[in-house]
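final-v6.cif follows (mmCIF, C-alpha atoms):
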```cif
data_upload
#
loop_
_atom_site.label_atom_id
_atom_site.label_comp_id
_atom_site.auth_asym_id
_atom_site.auth_seq_id
_atom_site.Cartn_x
_atom_site.Cartn_y
_atom_site.Cartn_z
CA MET A 1 158.46 153.78 85.12
CA THR A 2 156.00 153.32 87.97
CA THR A 3 153.48 155.89 89.09
CA PRO A 4 154.77 157.85 92.10
CA PRO A 5 152.61 157.35 95.20
CA ASP A 6 149.98 159.91 96.11
CA PRO A 7 151.66 162.19 98.72
CA ALA A 8 149.36 160.92 101.49
CA LEU A 9 150.10 157.29 100.58
CA ALA A 10 153.82 158.08 100.47
CA ARG A 11 153.54 159.60 103.96
CA ALA A 12 151.73 156.48 105.24
CA ILE A 13 154.60 154.36 103.91
CA GLU A 14 157.20 156.65 105.55
CA LEU A 15 155.30 156.30 108.84
CA SER A 16 155.38 152.50 108.55
CA ILE A 17 159.18 152.57 108.23
CA GLU A 18 159.64 155.11 111.04
CA GLY A 19 157.47 152.92 113.29
CA VAL A 20 159.82 149.96 112.86
CA ASP A 21 162.93 152.09 113.36
CA GLN A 22 161.45 153.70 116.51
CA ASN A 23 160.18 150.41 118.02
CA LEU A 24 156.58 151.61 118.09
CA GLY A 25 155.14 148.31 116.89
CA GLY A 26 154.47 146.53 113.58
CA PRO A 27 155.42 148.01 110.17
CA PHE A 28 152.22 149.90 109.42
CA GLY A 29 151.30 153.57 108.86
CA ALA A 30 148.11 155.45 107.93
CA VAL A 31 147.06 158.99 106.98
CA ILE A 32 143.59 160.56 106.96
CA THR A 33 142.93 163.55 104.71
CA ARG A 34 140.04 165.93 104.04
CA ASN A 35 140.03 167.92 100.82
CA GLY A 36 143.63 166.85 100.30
CA GLU A 37 144.84 168.19 103.66
CA VAL A 38 146.19 165.82 106.32
CA VAL A 39 143.79 165.60 109.30
CA ALA A 40 145.57 162.87 111.28
CA VAL A 41 148.23 160.18 111.02
CA GLY A 42 148.71 156.86 112.76
CA GLN A 43 151.40 154.26 113.33
CA ASN A 44 151.06 150.78 114.74
CA ARG A 45 151.62 151.07 118.51
CA VAL A 46 150.44 147.64 119.69
CA THR A 47 153.55 146.78 121.64
CA SER A 48 154.70 150.27 122.68
CA SER A 49 151.27 151.23 124.06
CA ALA A 50 150.26 147.71 125.22
CA ASP A 51 147.05 148.01 123.18
CA PRO A 52 146.21 145.25 120.68
CA THR A 53 143.73 147.60 118.95
CA ALA A 54 146.39 150.26 118.29
CA HIS A 55 146.80 149.46 114.60
CA ALA A 56 147.82 152.40 112.39
CA GLU A 57 144.33 152.90 110.93
CA ILE A 58 142.61 152.77 114.34
CA VAL A 59 145.14 155.22 115.80
CA ALA A 60 144.59 157.57 112.82
CA ILE A 61 140.78 157.30 113.04
CA ARG A 62 140.75 158.04 116.76
CA ALA A 63 143.10 161.00 116.25
CA ALA A 64 141.02 162.40 113.37
CA CYS A 65 137.82 162.09 115.41
CA GLU A 66 139.45 163.87 118.34
CA THR A 67 140.71 166.65 116.06
CA LEU A 68 137.37 167.08 114.31
CA GLY A 69 135.21 166.45 117.40
CA THR A 70 132.99 163.84 115.76
CA HIS A 71 132.61 160.09 115.37
CA ASP A 72 131.66 160.61 111.70
CA LEU A 73 134.52 161.06 109.23
CA SER A 74 132.33 161.46 106.14
CA GLY A 75 134.20 163.67 103.69
CA CYS A 76 137.58 162.24 104.71
CA GLU A 77 139.63 159.47 103.10
CA ILE A 78 142.26 157.12 104.47
CA PHE A 79 145.59 155.99 103.04
CA SER A 80 147.28 152.95 104.54
CA SER A 81 150.72 151.48 103.91
CA CYS A 82 149.11 148.01 103.86
CA GLU A 83 145.69 146.53 103.23
CA PRO A 84 143.74 146.97 106.48
CA CYS A 85 143.07 143.90 108.59
CA PRO A 86 139.37 143.07 109.20
CA MET A 87 139.40 145.09 112.45
CA CYS A 88 140.63 148.19 110.66
CA LEU A 89 138.51 147.68 107.54
CA ALA A 90 135.38 147.48 109.67
CA ALA A 91 136.52 150.54 111.67
CA ILE A 92 136.90 152.43 108.37
CA HIS A 93 133.26 151.60 107.65
CA TRP A 94 132.05 152.56 111.10
CA ALA A 95 133.94 155.87 110.79
CA ARG A 96 132.09 156.50 107.49
CA LEU A 97 135.28 157.34 105.65
CA ASP A 98 134.66 158.05 101.95
CA ARG A 99 137.51 156.11 100.41
CA LEU A 100 140.40 153.72 101.12
CA THR A 101 143.76 153.54 99.32
CA PHE A 102 146.44 151.06 100.39
CA ALA A 103 149.82 149.88 99.09
CA ALA A 104 151.02 146.45 100.31
CA GLY A 105 148.51 143.58 100.40
CA ARG A 106 147.30 141.17 103.08
CA GLU A 107 149.61 138.51 101.58
CA ASP A 108 152.59 140.79 102.28
CA ALA A 109 151.45 141.19 105.89
CA ALA A 110 151.02 137.42 106.17
CA ALA A 111 154.53 136.84 104.78
CA ALA A 112 155.88 139.12 107.51
CA GLY A 113 154.12 137.04 110.23
CA PHE A 114 150.82 138.89 110.73
CA ASP A 115 147.44 137.13 110.96
CA ASP A 116 145.48 139.32 108.53
CA GLU A 117 144.82 136.63 105.94
CA LEU A 118 143.92 134.07 108.61
CA LEU A 119 141.43 136.52 110.14
CA TYR A 120 139.74 137.20 106.80
CA ARG A 121 139.15 133.46 106.48
CA GLU A 122 138.09 132.94 110.12
CA LEU A 123 135.43 135.67 110.13
CA VAL A 124 133.19 133.91 107.64
CA LEU A 125 133.32 130.45 109.21
CA PRO A 126 130.31 129.11 111.13
CA LEU A 127 130.74 129.51 114.90
CA ASP A 128 131.59 125.84 115.46
CA GLY A 129 134.32 125.84 112.79
CA ARG A 130 136.43 128.68 114.16
CA THR A 131 139.81 128.52 115.84
CA MET A 132 138.39 130.85 118.55
CA PRO A 133 136.10 128.81 120.85
CA THR A 134 132.79 130.66 120.48
CA GLU A 135 129.36 130.09 121.99
CA GLN A 136 126.04 131.88 121.66
CA ARG A 137 123.66 131.56 124.62
CA ASN A 138 120.81 133.37 126.37
CA ARG A 139 119.90 135.37 123.27
CA ASP A 140 116.45 136.27 124.63
CA ALA A 141 117.94 137.87 127.73
CA ALA A 142 119.84 140.34 125.54
CA LEU A 143 116.96 141.57 123.39
CA ASP A 144 115.63 144.04 125.95
CA ALA A 145 118.51 146.47 125.25
CA PHE A 146 117.57 146.52 121.56
CA ARG A 147 113.90 147.10 122.42
CA ARG A 148 114.86 150.03 124.64
CA TRP A 149 117.14 151.40 121.92
CA ARG A 150 114.42 151.31 119.26
CA GLU A 151 111.89 152.91 121.62
CA LYS A 152 114.32 155.62 122.76
CA ALA A 153 113.08 158.90 121.24
CA ASP A 154 116.38 160.75 121.76
CA ARG A 155 118.73 158.02 120.56
CA ILE A 156 121.72 159.23 118.51
CA GLU A 157 122.22 156.83 115.61
CA TYR A 158 125.66 156.25 114.15
CA MET B 1 112.81 126.86 131.79
CA THR B 2 115.83 128.48 130.18
CA THR B 3 119.38 128.29 131.46
CA PRO B 4 120.26 131.39 133.50
CA PRO B 5 123.09 133.41 131.92
CA ASP B 6 126.61 133.01 133.16
CA PRO B 7 127.15 135.86 135.68
CA ALA B 8 129.66 137.59 133.36
CA LEU B 9 127.26 137.36 130.41
CA ALA B 10 124.42 138.65 132.60
CA ARG B 11 126.63 141.61 133.58
CA ALA B 12 127.42 142.33 129.91
CA ILE B 13 123.67 142.42 129.22
CA GLU B 14 123.07 144.75 132.18
CA LEU B 15 125.80 147.06 130.85
CA SER B 16 124.12 147.14 127.43
CA ILE B 17 120.86 148.33 129.00
CA GLU B 18 122.58 150.87 131.26
CA GLY B 19 124.40 152.27 128.23
CA VAL B 20 121.12 153.02 126.48
CA ASP B 21 119.58 154.55 129.60
CA GLN B 22 122.67 156.71 130.22
CA ASN B 23 123.03 157.86 126.56
CA LEU B 24 126.53 156.41 126.25
CA GLY B 25 125.94 155.00 122.76
CA GLY B 26 124.49 151.87 121.17
CA PRO B 27 122.96 149.00 123.19
CA PHE B 28 126.05 146.89 123.72
CA GLY B 29 128.05 145.71 126.76
CA ALA B 30 131.07 143.45 127.31
CA VAL B 31 132.96 141.88 130.21
CA ILE B 32 136.47 140.36 130.28
CA THR B 33 137.30 137.79 132.95
CA ARG B 34 140.36 135.85 134.06
CA ASN B 35 139.89 132.73 136.16
CA GLY B 36 136.27 133.76 136.64
CA GLU B 37 137.13 137.21 138.04
CA VAL B 38 136.12 140.36 136.18
CA VAL B 39 139.19 142.16 134.78
CA ALA B 40 137.43 144.89 132.80
CA VAL B 41 134.06 145.93 131.42
CA GLY B 42 133.04 148.00 128.42
CA GLN B 43 130.00 149.78 127.04
CA ASN B 44 129.47 151.24 123.60
CA ARG B 45 130.59 154.89 123.77
CA VAL B 46 130.69 155.77 120.07
CA THR B 47 128.52 158.87 120.33
CA SER B 48 129.36 159.98 123.87
CA SER B 49 133.12 159.81 123.27
CA ALA B 50 133.05 160.76 119.55
CA ASP B 51 135.00 157.60 118.75
CA PRO B 52 133.64 155.20 116.12
CA THR B 53 135.95 152.46 117.43
CA ALA B 54 134.53 152.68 120.98
CA HIS B 55 132.43 149.53 120.73
CA ALA B 56 131.86 147.68 124.01
CA GLU B 57 134.38 144.93 123.21
CA ILE B 58 137.11 147.38 122.13
CA VAL B 59 136.55 149.50 125.25
CA ALA B 60 136.76 146.38 127.43
CA ILE B 61 139.89 145.08 125.66
CA ARG B 62 141.69 148.42 126.01
CA ALA B 63 140.70 148.64 129.68
CA ALA B 64 141.83 145.06 130.39
CA CYS B 65 145.18 145.69 128.68
CA GLU B 66 145.68 148.87 130.70
CA THR B 67 144.83 147.05 133.94
CA LEU B 68 147.09 144.09 133.17
CA GLY B 69 149.85 146.12 131.47
CA THR B 70 150.01 143.96 128.35
CA HIS B 71 148.69 143.77 124.80
CA ASP B 72 148.24 140.00 125.21
CA LEU B 73 145.07 138.82 126.98
CA SER B 74 145.84 135.10 126.75
CA GLY B 75 144.19 133.40 129.71
CA CYS B 76 141.23 135.79 129.65
CA GLU B 77 137.80 135.36 128.06
CA ILE B 78 135.23 137.85 126.83
CA PHE B 79 131.45 137.95 127.24
CA SER B 80 129.44 140.23 124.99
CA SER B 81 125.75 141.14 125.06
CA CYS B 82 125.71 140.74 121.27
CA GLU B 83 127.71 138.93 118.61
CA PRO B 84 130.79 141.10 117.95
CA CYS B 85 130.97 143.03 114.69
CA PRO B 86 133.94 142.20 112.43
CA MET B 87 135.99 145.01 113.99
CA CYS B 88 135.50 143.59 117.48
CA LEU B 89 135.82 139.95 116.46
CA ALA B 90 139.19 140.68 114.85
CA ALA B 91 140.22 142.70 117.92
CA ILE B 92 139.36 139.68 120.09
CA HIS B 93 141.77 137.64 117.97
CA TRP B 94 144.52 140.26 118.06
CA ALA B 95 144.13 140.44 121.86
CA ARG B 96 144.62 136.63 121.99
CA LEU B 97 141.56 136.15 124.20
CA ASP B 98 140.89 132.46 124.90
CA ARG B 99 137.16 132.32 124.39
CA LEU B 100 134.10 134.32 123.28
CA THR B 101 130.54 134.02 124.59
CA PHE B 102 127.76 136.25 123.29
CA ALA B 103 123.97 136.49 123.67
CA ALA B 104 122.09 138.36 120.88
CA GLY B 105 123.09 137.71 117.26
CA ARG B 106 124.19 139.89 114.35
CA GLU B 107 120.65 139.65 112.97
CA ASP B 108 119.34 141.26 116.16
CA ALA B 109 121.85 144.10 115.76
CA ALA B 110 120.83 144.51 112.11
CA ALA B 111 117.15 144.65 113.08
CA ALA B 112 118.01 147.49 115.47
CA GLY B 113 119.69 149.45 112.66
CA PHE B 114 123.36 148.45 112.99
CA ASP B 115 125.57 147.48 110.02
CA ASP B 116 127.10 144.32 111.46
CA GLU B 117 125.55 141.91 108.98
CA LEU B 118 126.35 144.19 106.03
CA LEU B 119 129.99 144.41 107.17
CA TYR B 120 130.35 140.63 107.41
CA ARG B 121 129.23 140.41 103.77
CA GLU B 122 131.34 143.37 102.58
CA LEU B 123 134.62 142.09 104.03
CA VAL B 124 134.79 139.07 101.76
CA LEU B 125 133.96 140.84 98.49
CA PRO B 126 136.68 141.54 95.92
CA LEU B 127 137.96 145.11 96.13
CA ASP B 128 136.03 146.28 93.07
CA GLY B 129 132.73 144.90 94.37
CA ARG B 130 132.64 146.75 97.68
CA THR B 131 130.44 149.66 98.71
CA MET B 132 133.60 151.38 100.05
CA PRO B 133 135.61 152.74 97.09
CA THR B 134 138.94 150.94 97.50
CA GLU B 135 142.15 151.01 95.50
CA GLN B 136 145.50 149.25 95.86
CA ARG B 137 148.50 151.07 94.37
CA ASN B 138 152.27 151.37 94.75
CA ARG B 139 152.59 148.03 96.48
CA ASP B 140 156.35 147.82 95.84
CA ALA B 141 156.97 151.12 97.62
CA ALA B 142 155.51 149.66 100.81
CA LEU B 143 157.53 146.47 100.99
CA ASP B 144 160.63 148.07 102.51
CA ALA B 145 158.91 148.36 105.92
CA PHE B 146 158.26 144.61 105.93
CA ARG B 147 161.87 143.88 104.95
CA ARG B 148 163.10 146.07 107.80
CA TRP B 149 160.67 144.35 110.19
CA ARG B 150 161.85 140.85 109.27
CA GLU B 151 165.50 141.89 109.54
CA LYS B 152 165.03 143.66 112.88
CA ALA B 153 166.72 141.52 115.50
CA ASP B 154 164.95 143.13 118.48
CA ARG B 155 161.42 143.19 116.99
CA ILE B 156 158.62 142.41 119.44
CA GLU B 157 156.10 140.15 117.70
CA TYR B 158 152.44 140.23 118.66
#
```
Just give me the structure as structure tokens.
Amino acid sequence: MTTPPDPALARAIELSIEGVDQNLGGPFGAVITRNGEVVAVGQNRVTSSADPTAHAEIVAIRAACETLGTHDLSGCEIFSSCEPCPMCLAAIHWARLDRLTFAAGREDAAAAGFDDELLYRELVLPLDGRTMPTEQRNRDAALDAFRRWREKADRIEY
Amino acid sequence: MTTPPDPALARAIELSIEGVDQNLGGPFGAVITRNGEVVAVGQNRVTSSADPTAHAEIVAIRAACETLGTHDLSGCEIFSSCEPCPMCLAAIHWARLDRLTFAAGREDAAAAGFDDELLYRELVLPLDGRTMPTEQRNRDAALDAFRRWREKADRIEY
């Protein structure tokens, strides 16, 4: 007998199936909770909203932030039907979520034709070894913005 | 004598400085071009829009997709005032941009108090070694969505 999914994880999985059936985008769903209550949900909407960043976790994070009126989701946790891709995993960090629970793995996403595993490998390659042609130039010209940021008395850190 | 920045990179750097001065968010700017023409620009708006995903590159990608009416930015390239964080670098891949040029590096972002370098290290750790508490469970329950996706005759891949 297997452990039944946490209700929020079960809901994320339901959302992933509904998303396929409703032609929203890829087979991915996510739920954000606070103190066990659902704050926001998300489904992959890449193709239906013409937005390559509209992965389930990003959609859920943006919805939770809108609902709560803050960019800081400390005190909330996220449940995803599949291991987040690097974009979504980094977004989970930037949102300061407390905890991540997921069901399927990146290898399952890869088997279904998604680039998650490839991206995890690509991100740690040196610039000149990546599939994405990448160049760094004019570094010095860009440092003024950082100087201004550090010297800005009323900056809002995040 | 140093090479002057490409005009699109110079504009991304200007946007990063304007963003600080106008209290939009962190010191980051981005520009997306197609055939040398600017398609969209972005500035970090994390704090001003209460959206932790509103990094300059994400804002620019979403704007370019809205302008062009597609989730696929093949044929476009992106210029960023700073090396993209893992969230933005993965988004650049998902958007199928052709090329990335950036000025400041992740070490410059880290020196200004941003987590980019930390995130690059975190993403490749095993689940149980991460600062973010992370758990995989109920994998089998999530595989049905992938089966439905693969069997869906009218699926739109991305």
(message) So that I can see what lies close to segment 57-71 of chain A, please list as a PyMOL selection string the residues with an atom at most 9 Å from it, counting all atoms listed in the file and leaving out residues fewer than 4 positions away in the same chain.
(response) (chain A and resi 28-33+39-45+53+78-80+84+87-89+91-92+94-96+158) or (chain B and resi 46-47+49-53)
(message) Just checking: using only C-alpha atoms, which residue out of B:Arg155, B:Arg106, B:Arg148, B:Arg99 ends up closest to Met132 of chain A?
(response) B:Arg99
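Among B:Asp128, B:Glu122, B:Asp116, B:Glu135, the residue with the shortest atom-to-atom distance to Phe102 of chain A, counting all atoms listed in the file, is B:Glu135.
Put simply, atom CA of Arg150 of chain A is 22.5 Å away from atom CA of Arg137 of chain A.
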Pose of chain A fitted onto chain B, C-alpha LSQ, given as a tab-separated table (two decimals) with C-alpha atoms, in the coordinates of the input:
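Output file part-v5.tsv follows:
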```tsv
chain	number	residue	atom	x	y	z
A	1	MET	CA	112.83	126.81	131.85
A	2	THR	CA	115.82	128.48	130.21
A	3	THR	CA	119.36	128.30	131.47
A	4	PRO	CA	120.25	131.40	133.51
A	5	PRO	CA	123.07	133.42	131.93
A	6	ASP	CA	126.62	133.01	133.16
A	7	PRO	CA	127.15	135.87	135.68
A	8	ALA	CA	129.65	137.60	133.37
A	9	LEU	CA	127.25	137.36	130.42
A	10	ALA	CA	124.43	138.66	132.62
A	11	ARG	CA	126.63	141.62	133.59
A	12	ALA	CA	127.41	142.34	129.91
A	13	ILE	CA	123.67	142.43	129.22
A	14	GLU	CA	123.06	144.76	132.20
A	15	LEU	CA	125.79	147.05	130.84
A	16	SER	CA	124.11	147.13	127.42
A	17	ILE	CA	120.86	148.34	129.01
A	18	GLU	CA	122.59	150.88	131.27
A	19	GLY	CA	124.41	152.26	128.22
A	20	VAL	CA	121.12	153.04	126.47
A	21	ASP	CA	119.58	154.55	129.60
A	22	GLN	CA	122.68	156.72	130.22
A	23	ASN	CA	123.03	157.87	126.58
A	24	LEU	CA	126.52	156.41	126.25
A	25	GLY	CA	125.94	155.02	122.77
A	26	GLY	CA	124.49	151.87	121.16
A	27	PRO	CA	122.94	149.01	123.19
A	28	PHE	CA	126.05	146.90	123.72
A	29	GLY	CA	128.04	145.72	126.77
A	30	ALA	CA	131.07	143.45	127.31
A	31	VAL	CA	132.96	141.88	130.22
A	32	ILE	CA	136.45	140.36	130.29
A	33	THR	CA	137.30	137.79	132.96
A	34	ARG	CA	140.37	135.84	134.06
A	35	ASN	CA	139.90	132.72	136.15
A	36	GLY	CA	136.28	133.76	136.64
A	37	GLU	CA	137.13	137.20	138.05
A	38	VAL	CA	136.12	140.36	136.18
A	39	VAL	CA	139.20	142.16	134.78
A	40	ALA	CA	137.42	144.90	132.81
A	41	VAL	CA	134.05	145.94	131.42
A	42	GLY	CA	133.03	147.99	128.42
A	43	GLN	CA	129.99	149.79	127.05
A	44	ASN	CA	129.46	151.24	123.61
A	45	ARG	CA	130.59	154.88	123.76
A	46	VAL	CA	130.68	155.78	120.06
A	47	THR	CA	128.53	158.86	120.33
A	48	SER	CA	129.36	159.98	123.88
A	49	SER	CA	133.13	159.81	123.29
A	50	ALA	CA	133.04	160.76	119.57
A	51	ASP	CA	135.01	157.61	118.76
A	52	PRO	CA	133.64	155.22	116.12
A	53	THR	CA	135.94	152.46	117.44
A	54	ALA	CA	134.52	152.68	120.98
A	55	HIS	CA	132.42	149.54	120.73
A	56	ALA	CA	131.86	147.67	124.02
A	57	GLU	CA	134.38	144.92	123.23
A	58	ILE	CA	137.10	147.37	122.13
A	59	VAL	CA	136.54	149.50	125.24
A	60	ALA	CA	136.75	146.36	127.44
A	61	ILE	CA	139.89	145.08	125.67
A	62	ARG	CA	141.68	148.41	126.01
A	63	ALA	CA	140.69	148.63	129.69
A	64	ALA	CA	141.84	145.06	130.40
A	65	CYS	CA	145.18	145.68	128.68
A	66	GLU	CA	145.68	148.86	130.69
A	67	THR	CA	144.83	147.04	133.93
A	68	LEU	CA	147.09	144.09	133.16
A	69	GLY	CA	149.85	146.11	131.47
A	70	THR	CA	150.01	143.95	128.35
A	71	HIS	CA	148.69	143.76	124.80
A	72	ASP	CA	148.24	139.98	125.22
A	73	LEU	CA	145.07	138.81	126.97
A	74	SER	CA	145.83	135.09	126.75
A	75	GLY	CA	144.19	133.40	129.72
A	76	CYS	CA	141.22	135.79	129.65
A	77	GLU	CA	137.79	135.35	128.07
A	78	ILE	CA	135.22	137.84	126.83
A	79	PHE	CA	131.45	137.94	127.24
A	80	SER	CA	129.43	140.23	124.99
A	81	SER	CA	125.75	141.13	125.06
A	82	CYS	CA	125.70	140.74	121.25
A	83	GLU	CA	127.70	138.94	118.60
A	84	PRO	CA	130.77	141.10	117.96
A	85	CYS	CA	130.95	143.02	114.70
A	86	PRO	CA	133.93	142.19	112.43
A	87	MET	CA	135.98	145.01	114.00
A	88	CYS	CA	135.48	143.60	117.48
A	89	LEU	CA	135.81	139.95	116.45
A	90	ALA	CA	139.17	140.68	114.85
A	91	ALA	CA	140.22	142.71	117.92
A	92	ILE	CA	139.35	139.68	120.09
A	93	HIS	CA	141.76	137.65	117.96
A	94	TRP	CA	144.50	140.25	118.06
A	95	ALA	CA	144.12	140.44	121.86
A	96	ARG	CA	144.60	136.64	122.00
A	97	LEU	CA	141.56	136.15	124.18
A	98	ASP	CA	140.90	132.46	124.91
A	99	ARG	CA	137.16	132.33	124.39
A	100	LEU	CA	134.10	134.32	123.28
A	101	THR	CA	130.53	134.02	124.60
A	102	PHE	CA	127.75	136.26	123.29
A	103	ALA	CA	123.97	136.50	123.66
A	104	ALA	CA	122.10	138.38	120.88
A	105	GLY	CA	123.08	137.70	117.26
A	106	ARG	CA	124.19	139.88	114.35
A	107	GLU	CA	120.63	139.64	112.95
A	108	ASP	CA	119.33	141.27	116.15
A	109	ALA	CA	121.86	144.09	115.76
A	110	ALA	CA	120.84	144.49	112.11
A	111	ALA	CA	117.15	144.65	113.09
A	112	ALA	CA	118.00	147.49	115.47
A	113	GLY	CA	119.71	149.46	112.63
A	114	PHE	CA	123.38	148.46	112.98
A	115	ASP	CA	125.58	147.48	110.02
A	116	ASP	CA	127.12	144.30	111.46
A	117	GLU	CA	125.58	141.89	108.97
A	118	LEU	CA	126.37	144.19	106.04
A	119	LEU	CA	130.01	144.41	107.16
A	120	TYR	CA	130.36	140.63	107.41
A	121	ARG	CA	129.25	140.41	103.79
A	122	GLU	CA	131.36	143.37	102.57
A	123	LEU	CA	134.65	142.10	104.02
A	124	VAL	CA	134.83	139.08	101.75
A	125	LEU	CA	133.97	140.86	98.50
A	126	PRO	CA	136.70	141.54	95.92
A	127	LEU	CA	137.99	145.12	96.12
A	128	ASP	CA	136.05	146.28	93.05
A	129	GLY	CA	132.73	144.91	94.36
A	130	ARG	CA	132.64	146.76	97.67
A	131	THR	CA	130.44	149.65	98.71
A	132	MET	CA	133.60	151.37	100.05
A	133	PRO	CA	135.60	152.74	97.08
A	134	THR	CA	138.94	150.94	97.50
A	135	GLU	CA	142.15	151.02	95.49
A	136	GLN	CA	145.48	149.26	95.85
A	137	ARG	CA	148.50	151.05	94.36
A	138	ASN	CA	152.27	151.38	94.74
A	139	ARG	CA	152.59	148.02	96.49
A	140	ASP	CA	156.35	147.83	95.83
A	141	ALA	CA	156.96	151.12	97.61
A	142	ALA	CA	155.50	149.66	100.81
A	143	LEU	CA	157.53	146.45	100.99
A	144	ASP	CA	160.62	148.07	102.50
A	145	ALA	CA	158.91	148.36	105.92
A	146	PHE	CA	158.26	144.61	105.92
A	147	ARG	CA	161.87	143.90	104.93
A	148	ARG	CA	163.11	146.07	107.79
A	149	TRP	CA	160.68	144.36	110.18
A	150	ARG	CA	161.86	140.86	109.26
A	151	GLU	CA	165.52	141.89	109.52
A	152	LYS	CA	165.02	143.67	112.86
A	153	ALA	CA	166.75	141.52	115.51
A	154	ASP	CA	164.94	143.14	118.45
A	155	ARG	CA	161.44	143.20	116.99
A	156	ILE	CA	158.63	142.40	119.45
A	157	GLU	CA	156.13	140.15	117.70
A	158	TYR	CA	152.47	140.22	118.65
```
(message) I'd like the interatomic distance between atom CA of Val124 of chain B and atom CA of Ala90 of chain B, to a tenth of an Å.
(response) 13.9 Å
(request) Might you pull out every residue within 7 Å of Leu119 of chain A, with only C-alpha atoms counted and same-chain residues fewer than 4 positions away left off, and present them as a list in words? (result) Pro86, Asp115 and Leu123 of chain A; Ala90 of chain B
(request) Name the residues that the PyMOL selection byres ((chain B and resi 98) around 6) pulls out of this structure, and write them as an MDAnalysis selection string. (result) chainID B and resid 74:77 97 99
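Once the PyMOL selection byres ((chain B and resi 104) around 7) is applied to the shown structure, the selection contains Arg139, Ala142 and Leu143 of chain A; Ser81, Cys82, Glu83, Phe102, Ala103, Gly105 and Asp108 of chain B.
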(request) Could you tell me which residues the PyMOL selection byres ((chain A and resi 23) around 9) returns for this structure, as a ChimeraX atom specification? (result) /A:18-22,24-26,45,47-48 /B:154-156
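Residue nearest chain B, chosen from A:Glu107, A:Glu117, A:Asn35, A:Pro5 and counting only C-alpha atoms: A:Pro5.
Atom CA of Thr134 of chain B is found 17.3 Å from atom CA of Ile13 of chain A.
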(request) May I ask which of the residues B:Leu127, B:Ala8, B:Leu100, B:Ala56 is the closest one to chain A, counting only C-alpha atoms? (result)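 For chain A, the nearest of the given residues is B:Leu100.
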(message) Taking all atoms listed in the file into account, name the residue in A:Leu118, A:Ala111, A:Ile17, A:Cys85 that is nearest to chain B.
(response)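 Comparing A:Leu118, A:Ala111, A:Ile17, A:Cys85 against chain B, the winner is A:Ile17.
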(request) Name the closest residue to chain A among the candidates B:Leu73, B:Ala145, B:Leu9, B:Ala153; distances are taken between atoms, counting all atoms listed in the file. (result)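 Selected residue with least distance to chain A: B:Ala145.
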